[in-house]
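Enquirer: My file is final00.cif. It has mmCIF, C-alpha atoms:
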```cif
data_coords
#
loop_
_atom_site.label_atom_id
_atom_site.label_comp_id
_atom_site.auth_asym_id
_atom_site.auth_seq_id
_atom_site.Cartn_x
_atom_site.Cartn_y
_atom_site.Cartn_z
CA MET A 1 86.31 -1.78 59.45
CA PRO A 2 84.86 1.51 58.24
CA GLY A 3 82.88 0.11 55.31
CA SER A 4 81.24 -2.73 57.18
CA ASN A 5 80.59 -0.66 60.30
CA ASP A 6 79.06 2.17 58.27
CA LYS A 7 76.57 -0.21 56.69
CA ILE A 8 75.63 -1.66 60.07
CA LYS A 9 75.39 1.82 61.59
CA ARG A 10 72.90 2.85 58.89
CA MET A 11 70.76 -0.19 59.69
CA LEU A 12 70.90 0.50 63.43
CA SER A 13 70.16 4.18 62.81
CA ASP A 14 67.12 3.33 60.69
CA GLY A 15 65.82 1.13 63.49
CA MET A 16 66.27 3.84 66.11
CA VAL A 17 64.65 6.53 63.97
CA SER A 18 61.63 4.30 63.29
CA GLY A 19 61.36 3.21 66.92
CA ARG A 20 62.32 -0.41 66.23
CA THR A 21 65.03 -0.84 68.84
CA SER A 22 65.41 -4.37 70.17
CA HIS A 23 66.31 -5.39 73.73
CA ALA A 24 69.46 -7.29 72.68
CA TYR A 25 72.08 -7.14 69.93
CA ALA A 26 75.14 -9.23 69.06
CA PHE A 27 78.01 -7.77 67.01
CA ILE A 28 80.05 -10.69 65.74
CA GLY A 29 83.36 -11.05 63.92
CA GLY A 30 85.75 -8.43 62.60
CA SER A 31 88.57 -7.13 64.78
CA ARG A 32 88.17 -6.48 68.50
CA ASP A 33 88.74 -2.75 67.93
CA SER A 34 86.07 -2.70 65.22
CA ARG A 35 83.55 -4.42 67.48
CA LEU A 36 84.31 -2.04 70.35
CA GLU A 37 84.00 1.03 68.13
CA LEU A 38 80.64 -0.13 66.84
CA GLY A 39 79.38 -1.16 70.29
CA ARG A 40 80.33 2.17 71.86
CA TRP A 41 78.89 4.14 68.95
CA PHE A 42 75.58 2.32 69.33
CA ALA A 43 75.56 2.71 73.10
CA GLN A 44 76.16 6.46 72.84
CA SER A 45 73.50 6.71 70.12
CA LEU A 46 70.95 5.08 72.43
CA PHE A 47 71.60 7.81 75.03
CA CYS A 48 71.82 10.78 72.63
CA SER A 49 68.93 13.22 72.99
CA SER A 50 69.60 14.82 69.58
CA PHE A 51 70.17 11.67 67.54
CA LYS A 52 70.11 12.24 63.78
CA GLY A 53 71.79 9.25 62.17
CA GLY A 54 74.46 9.21 64.87
CA PRO A 55 75.24 10.60 68.33
CA CYS A 56 75.60 14.38 68.31
CA GLY A 57 78.40 14.45 70.89
CA GLU A 58 77.10 17.76 72.25
CA CYS A 59 73.96 16.99 74.27
CA LEU A 60 74.22 16.31 78.01
CA PRO A 61 73.75 12.50 77.69
CA CYS A 62 76.50 12.37 75.02
CA ARG A 63 78.89 14.44 77.12
CA LYS A 64 78.26 12.24 80.14
CA PHE A 65 78.90 9.15 78.04
CA LEU A 66 82.12 10.53 76.56
CA HIS A 67 83.37 11.62 79.99
CA GLY A 68 82.67 8.18 81.48
CA ASN A 69 79.98 9.23 83.96
CA GLN A 70 76.79 8.04 82.26
CA GLU A 71 74.94 6.42 85.17
CA ASP A 72 72.86 4.06 83.05
CA TYR A 73 75.78 2.67 81.02
CA MET A 74 77.39 -0.58 82.18
CA VAL A 75 80.35 -2.47 80.72
CA ILE A 76 80.99 -6.13 81.51
CA SER A 77 84.45 -7.52 80.76
CA LYS A 78 86.72 -10.35 81.88
CA PRO A 79 88.50 -9.72 85.18
CA ASP A 80 92.26 -9.35 84.74
CA ASP A 81 92.97 -12.35 86.96
CA ARG A 82 90.45 -14.69 85.31
CA GLU A 83 90.08 -16.47 81.99
CA SER A 84 86.36 -15.87 81.61
CA ILE A 85 83.45 -13.58 82.43
CA LEU A 86 81.93 -15.08 85.56
CA LYS A 87 78.41 -16.01 86.58
CA GLU A 88 78.75 -13.67 89.56
CA GLN A 89 79.28 -10.71 87.23
CA ILE A 90 76.04 -11.50 85.41
CA LEU A 91 74.17 -11.96 88.68
CA SER A 92 75.42 -8.54 89.80
CA LEU A 93 74.24 -7.08 86.48
CA ILE A 94 70.80 -8.64 86.92
CA ASP A 95 70.52 -7.13 90.41
CA ARG A 96 71.41 -3.70 89.02
CA LEU A 97 68.77 -4.01 86.28
CA MET A 98 66.12 -4.41 88.98
CA ILE A 99 66.76 -0.79 90.05
CA LYS A 100 64.89 1.81 88.00
CA PRO A 101 67.30 3.65 85.66
CA PHE A 102 67.45 7.41 85.19
CA GLU A 103 66.37 6.84 81.56
CA ARG A 104 67.26 3.35 80.35
CA TYR A 105 70.13 0.96 80.87
CA VAL A 106 72.57 0.14 78.10
CA VAL A 107 74.84 -2.83 78.81
CA LEU A 108 77.94 -3.56 76.73
CA ILE A 109 79.47 -7.03 77.19
CA GLU A 110 83.00 -6.99 75.78
CA ASP A 111 84.38 -10.32 74.52
CA ALA A 112 81.05 -12.00 75.25
CA GLN A 113 82.48 -15.28 73.95
CA LEU A 114 84.49 -15.38 77.19
CA MET A 115 81.37 -15.79 79.31
CA ASN A 116 81.44 -19.25 80.83
CA ALA A 117 78.43 -21.51 80.39
CA ALA A 118 77.01 -20.61 83.79
CA ALA A 119 77.25 -16.89 83.02
CA GLN A 120 75.57 -17.31 79.63
CA ASN A 121 72.75 -19.35 81.14
CA LYS A 122 72.13 -16.65 83.75
CA LEU A 123 72.12 -13.98 81.04
CA LEU A 124 69.69 -16.08 79.00
CA LYS A 125 66.97 -15.62 81.61
CA THR A 126 67.24 -11.83 81.24
CA LEU A 127 67.17 -12.12 77.43
CA GLU A 128 64.09 -14.34 77.58
CA GLU A 129 62.28 -11.96 79.95
CA PRO A 130 63.88 -8.61 79.05
CA VAL A 131 63.75 -5.57 81.28
CA SER A 132 61.73 -2.94 79.43
CA ASP A 133 64.25 -0.16 80.11
CA ALA A 134 67.43 -2.00 79.06
CA VAL A 135 69.35 -2.73 75.87
CA MET A 136 72.03 -5.44 75.86
CA ILE A 137 74.96 -5.28 73.40
CA LEU A 138 77.10 -8.41 73.12
CA LEU A 139 80.46 -8.30 71.31
CA SER A 140 81.92 -11.64 70.20
CA ASP A 141 84.73 -12.69 67.91
CA ARG A 142 82.65 -15.59 66.59
CA ALA A 143 79.07 -16.81 66.74
CA GLU A 144 80.19 -20.23 67.97
CA GLY A 145 81.44 -18.60 71.18
CA LEU A 146 77.86 -17.93 72.31
CA LEU A 147 75.17 -20.43 73.17
CA PRO A 148 72.61 -20.83 70.34
CA THR A 149 69.86 -19.97 72.82
CA VAL A 150 71.61 -16.68 73.65
CA LEU A 151 72.24 -15.82 69.99
CA SER A 152 68.66 -16.58 69.00
CA ARG A 153 67.40 -13.83 71.32
CA CYS A 154 69.68 -11.16 69.85
CA VAL A 155 69.52 -9.11 66.67
CA ARG A 156 72.78 -10.20 65.04
CA PHE A 157 75.21 -8.21 62.90
CA TYR A 158 78.35 -9.70 61.38
CA LEU A 159 81.49 -7.64 60.86
CA ASP A 160 84.34 -8.38 58.46
CA ASP A 161 87.75 -6.87 57.85
CA ASP A 162 88.61 -5.30 54.48
CA GLN A 163 90.66 -8.28 53.32
CA SER A 164 87.87 -10.71 54.14
CA GLU A 165 85.27 -8.58 52.36
CA ALA A 166 87.40 -8.42 49.20
CA SER A 167 87.96 -12.17 49.36
CA GLU A 168 84.24 -12.91 49.68
CA ALA A 169 83.47 -10.56 46.76
CA ASP A 170 85.95 -12.51 44.62
CA THR A 171 84.32 -15.77 45.70
CA ALA A 172 80.91 -14.35 44.78
CA GLY A 173 82.20 -13.52 41.29
CA ARG A 174 83.44 -17.07 40.77
CA PHE A 175 80.19 -18.50 42.12
CA VAL A 176 77.98 -16.36 39.88
CA TYR A 177 80.14 -17.35 36.92
CA SER A 178 79.55 -21.02 37.79
CA ILE A 179 75.80 -20.37 37.77
CA LEU A 180 75.94 -18.59 34.41
CA THR A 181 77.98 -21.41 32.85
CA LYS A 182 75.73 -24.09 34.40
CA ALA A 183 78.70 -25.69 36.11
CA PRO A 184 78.13 -28.99 37.92
CA TYR A 185 77.52 -29.12 41.65
CA TYR A 186 81.07 -30.07 42.60
CA LYS A 187 82.54 -27.01 40.85
CA LYS A 188 80.14 -24.68 42.66
CA ARG A 189 80.97 -26.38 45.94
CA ASP A 190 84.71 -26.12 45.24
CA ALA A 191 84.32 -22.36 44.74
CA LEU A 192 83.07 -22.15 48.35
CA SER A 193 85.40 -24.74 49.86
CA ASP A 194 87.47 -22.14 51.74
CA ILE A 195 84.42 -20.71 53.53
CA ILE A 196 82.96 -24.15 54.22
CA ALA A 197 86.23 -25.32 55.78
CA ASP A 198 86.68 -22.20 57.97
CA LYS A 199 85.36 -23.36 61.34
CA ASP A 200 86.23 -20.18 63.25
CA SER A 201 84.68 -17.43 61.13
CA SER A 202 82.63 -19.22 58.49
CA ARG A 203 79.31 -17.74 59.58
CA GLN A 204 80.27 -14.10 59.08
CA ARG A 205 82.28 -14.98 55.97
CA ALA A 206 79.27 -16.83 54.56
CA GLU A 207 77.03 -13.79 55.13
CA ALA A 208 79.57 -11.51 53.43
CA PHE A 209 79.75 -13.93 50.49
CA LEU A 210 75.96 -14.15 50.21
CA ASP A 211 75.59 -10.36 50.37
CA SER A 212 78.12 -9.97 47.54
CA THR A 213 76.52 -12.77 45.52
CA GLU A 214 73.02 -11.30 45.78
CA GLU A 215 74.31 -7.84 44.85
CA LEU A 216 76.13 -9.24 41.81
CA LEU A 217 73.18 -11.36 40.70
CA LEU A 218 70.83 -8.36 40.88
CA LYS A 219 73.31 -6.32 38.85
CA VAL A 220 73.48 -9.02 36.17
CA ILE A 221 69.68 -9.33 36.15
CA LYS A 222 69.34 -5.57 35.67
CA GLU A 223 72.08 -5.13 33.05
CA ARG A 224 71.80 -8.56 31.36
CA ARG A 225 75.59 -8.56 31.20
CA PHE A 226 78.41 -10.21 33.15
CA SER A 227 82.07 -9.14 32.77
CA GLY A 228 81.12 -7.20 29.67
CA ARG A 229 79.36 -10.10 27.96
CA ALA A 230 75.65 -10.33 27.21
CA VAL A 231 73.65 -12.94 29.11
CA SER A 232 71.27 -15.05 27.03
CA ASP A 233 67.54 -14.95 27.75
CA ALA A 234 67.52 -18.62 28.81
CA THR A 235 70.34 -18.06 31.31
CA TRP A 236 68.94 -14.71 32.48
CA GLU A 237 65.66 -16.38 33.49
CA THR A 238 67.49 -18.68 35.91
CA LEU A 239 69.05 -15.80 37.82
CA ILE A 240 65.92 -14.53 39.58
CA PRO A 241 65.25 -17.87 41.35
CA ALA A 242 69.01 -18.11 42.03
CA ALA A 243 68.86 -14.76 43.87
CA GLU A 244 65.93 -16.08 45.90
CA GLU A 245 67.93 -19.20 46.84
CA VAL A 246 70.78 -16.95 48.01
CA ARG A 247 68.35 -15.05 50.26
CA ASN A 248 66.97 -18.32 51.64
CA CYS A 249 70.49 -19.56 52.35
CA ARG A 250 71.32 -16.37 54.27
CA LYS A 251 68.10 -16.71 56.27
CA ASN A 252 69.00 -20.29 57.22
CA ILE A 253 72.49 -19.28 58.32
CA ARG A 254 71.11 -16.44 60.44
CA GLN A 255 68.80 -18.98 62.07
CA LEU A 256 71.97 -20.86 63.07
CA HIS A 257 71.63 -23.71 60.60
CA SER A 258 74.92 -25.38 59.64
CA VAL A 259 76.98 -23.10 57.38
CA ALA A 260 78.47 -26.02 55.44
CA TYR A 261 75.11 -27.70 54.91
CA SER A 262 73.37 -24.46 53.92
CA LEU A 263 76.05 -23.57 51.34
CA LYS A 264 76.09 -27.08 49.89
CA GLN A 265 72.31 -26.95 49.53
CA LEU A 266 72.67 -23.61 47.75
CA CYS A 267 75.12 -25.22 45.29
CA LEU A 268 72.56 -27.94 44.57
CA ARG A 269 69.66 -25.55 43.99
CA VAL A 270 71.14 -22.86 41.75
#
```
Go ahead and express the file in the form of structure tokens.
Expert:
Amino acid sequence: MPGSNDKIKRMLSDGMVSGRTSHAYAFIGGSRDSRLELGRWFAQSLFCSSFKGGPCGECLPCRKFLHGNQEDYMVISKPDDRESILKEQILSLIDRLMIKPFERYVVLIEDAQLMNAAAQNKLLKTLEEPVSDAVMILLSDRAEGLLPTVLSRCVRFYLDDDQSEASEADTAGRFVYSILTKAPYYKKRDALSDIIADKDSSRQRAEAFLDSTEELLLKVIKERRFSGRAVSDATWETLIPAAEEVRNCRKNIRQLHSVAYSLKQLCLRV
């Protein structure tokens, strides 16, 4: 998704420019093509010698990457004749990482949710004791497909498709309206029932909802208006702590707390 990926690319770019690159990242959700586009863009950016907000495509490392002969770039994917990424593939990767790279290794694990438990546990050791000259990029269709211990050692970004983003923005509007009208808990919870019930993609949907909710709350706080109507002083004063509760809820979800529990707690507190 262009919109979501562009936002994530800006965040990744800011980190690279300021020298705050982590040893492991997980790109979660969205379509498979969207995850692959983002993963490859980031991998090329990490090699680019003239990086200015994105890979230049002209320097020697970029040309080697684009032509498929970048020595330090490795892609791990499911074998055609198997249902999962195997432990042996991860062991082979670990052996390769023990050899000094030309510059630094960048490893892209496609469909990381297909790693079996043994493979993920072997990878975990490398994530816990990272190689200084290596960056791992895991692509997964859902957070639940990766072990919590693996996820906790990655910087996580959640992708959404356009339809999902629009849906979560609509949900945010209904939720903010319930706060402004001081609706009871059950009505706030009902506004989020679709996200709470979505077991497959609720984590990324919840983050998209919380992002939209915080953005809308801050707009209402600034303008003192919602849908063209003025917000009373008494109601306006409740919005600042509500925005803080939204941020706390997002933090809890990123720390892999239960999505349903975190959202229900948010409904109780705002």
Enquirer: Report the residues retrieved by the PyMOL selection byres ((chain A and resi 23) around 6) from the displayed file, expressed as an NGL selection string.
Expert: :A and (22 or 24 or 135)
Enquirer: Counting all atoms listed in the file, which residues of segment 15-121 of chain A sit at most 9 Å from some atom of segment 198-217 of chain A, and what is each one's closest atom pair with its distance in Å to one decimal, listed by chain and rising residue number, as JSON lines?
Expert:
```
{"residue": "A:Ile28", "atom": "CA", "partner": "A:Gln204", "partner_atom": "CA", "distance": 7.5}
{"residue": "A:Gly29", "atom": "CA", "partner": "A:Gln204", "partner_atom": "CA", "distance": 6.5}
{"residue": "A:Gly30", "atom": "CA", "partner": "A:Gln204", "partner_atom": "CA", "distance": 8.6}
```
Enquirer: Using the chain letters and numbers from the file, give me the residues hit by the PyMOL selection byres ((chain A and resi 256) around 9), as a PyMOL selection string.
Expert: chain A and resi 143+148+151-152+203+251-255+257-259
Enquirer: Hey, could you pull the box centre and edge lengths for segment 240-257 of chain A, axis-aligned, 3 Å padding per side, all listed atoms, to one decimal in Å, as JSON?
Expert:
```
{"center_x": 68.9, "center_y": -19.1, "center_z": 51.3, "size_x": 13.2, "size_y": 15.2, "size_z": 29.5}
```
Enquirer: Please write as a list of chain:residue names the full residue list that the PyMOL selection byres ((chain A and resi 77) around 9) yields on this file.
Expert: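 When the PyMOL selection byres ((chain A and resi 77) around 9) is applied, the selected residues are A:Val75, A:Ile76, A:Lys78, A:Pro79, A:Asp80, A:Ser84, A:Ile85, A:Gln89, A:Leu108, A:Ile109, A:Glu110, A:Asp111, A:Ala112, A:Leu114, A:Met115.
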Enquirer: Please work out which residues fall within 10 Å of (87.7, -6.4, 67.9), coordinates as given in the file, with all atoms listed in the file counting, and return them as a list in words.
Expert: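 I get Met1, Phe27, Ile28, Gly29, Gly30, Ser31, Arg32, Asp33, Ser34, Arg35, Leu36, Glu37, Leu38, Glu110, Asp111, Leu139, Ser140, Asp141 and Leu159 of chain A for the residues within 10 Å of that point.
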Enquirer: State, in Å with one decimal place, the distance from atom CA of Glu71 of chain A to atom CA of Glu103 of chain A.
Expert: 9.3 Å
Enquirer: Near segment 233-249 of chain A, within 7 Å and counting all atoms listed in the file, which residues show up once chain neighbours fewer than 6 positions away are dropped, as a PDB file with C-alpha atoms, keeping the file's coordinate frame?
Expert:
```
ATOM      1  CA  LEU A 180      75.940 -18.590  34.410  1.00  0.00           C
ATOM      2  CA  LEU A 210      75.960 -14.150  50.210  1.00  0.00           C
ATOM      3  CA  GLU A 214      73.020 -11.300  45.780  1.00  0.00           C
ATOM      4  CA  LEU A 217      73.180 -11.360  40.700  1.00  0.00           C
ATOM      5  CA  ILE A 221      69.680  -9.330  36.150  1.00  0.00           C
ATOM      6  CA  ARG A 224      71.800  -8.560  31.360  1.00  0.00           C
ATOM      7  CA  SER A 262      73.370 -24.460  53.920  1.00  0.00           C
ATOM      8  CA  LEU A 263      76.050 -23.570  51.340  1.00  0.00           C
ATOM      9  CA  LEU A 266      72.670 -23.610  47.750  1.00  0.00           C
ATOM     10  CA  VAL A 270      71.140 -22.860  41.750  1.00  0.00           C
TER      11      VAL A 270
END
```
Enquirer: Go through A:Ile99, A:Ile94, A:Met136, A:Leu146 one by one, measure the shortest atom-to-atom distance of each to Ala117 of chain A using only C-alpha atoms, and give the residue with the smallest value.
Expert: A:Leu146
Enquirer: What is the distance between atom CA of Lys122 of chain A and atom CA of Cys48 of chain A, in Å to one decimal?
Expert: 29.6 Å
Enquirer: Identify which of the residues A:Val107, A:Ala172, A:Leu93, A:Leu86 lies closest to Leu138 of chain A, counting all atoms listed in the file when measuring atom-to-atom distances.
Expert: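 Using all atoms listed in the file, the shortest distance to Leu138 of chain A belongs to A:Val107.
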Enquirer: Between atom CA of Tyr25 of chain A and atom CA of Ile137 of chain A, what distance in Å does the model show, to one decimal?
Expert: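 Separation between atom CA of Tyr25 of chain A and atom CA of Ile137 of chain A: 4.9 Å.
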Enquirer: Of the candidates A:Gln70, A:Ser18, A:Asn121, A:Asn5, which one gets nearest to Phe42 of chain A if we count only C-alpha atoms?
Expert: A:Asn5
Enquirer: Pick from A:Lys187, A:Lys182, A:Val176, A:Val106: nearest to Val220 of chain A, with only C-alpha atoms counted?
Expert: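 Of all the options, A:Val176 lies closest to Val220 of chain A.
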Enquirer: Of the candidates A:Ala230, A:Leu12, A:Leu127, A:Ala26, which one gets nearest to Phe157 of chain A if we count only C-alpha atoms?
Expert: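 Looking at the shortest contact to Phe157 of chain A, the residue is A:Ala26.
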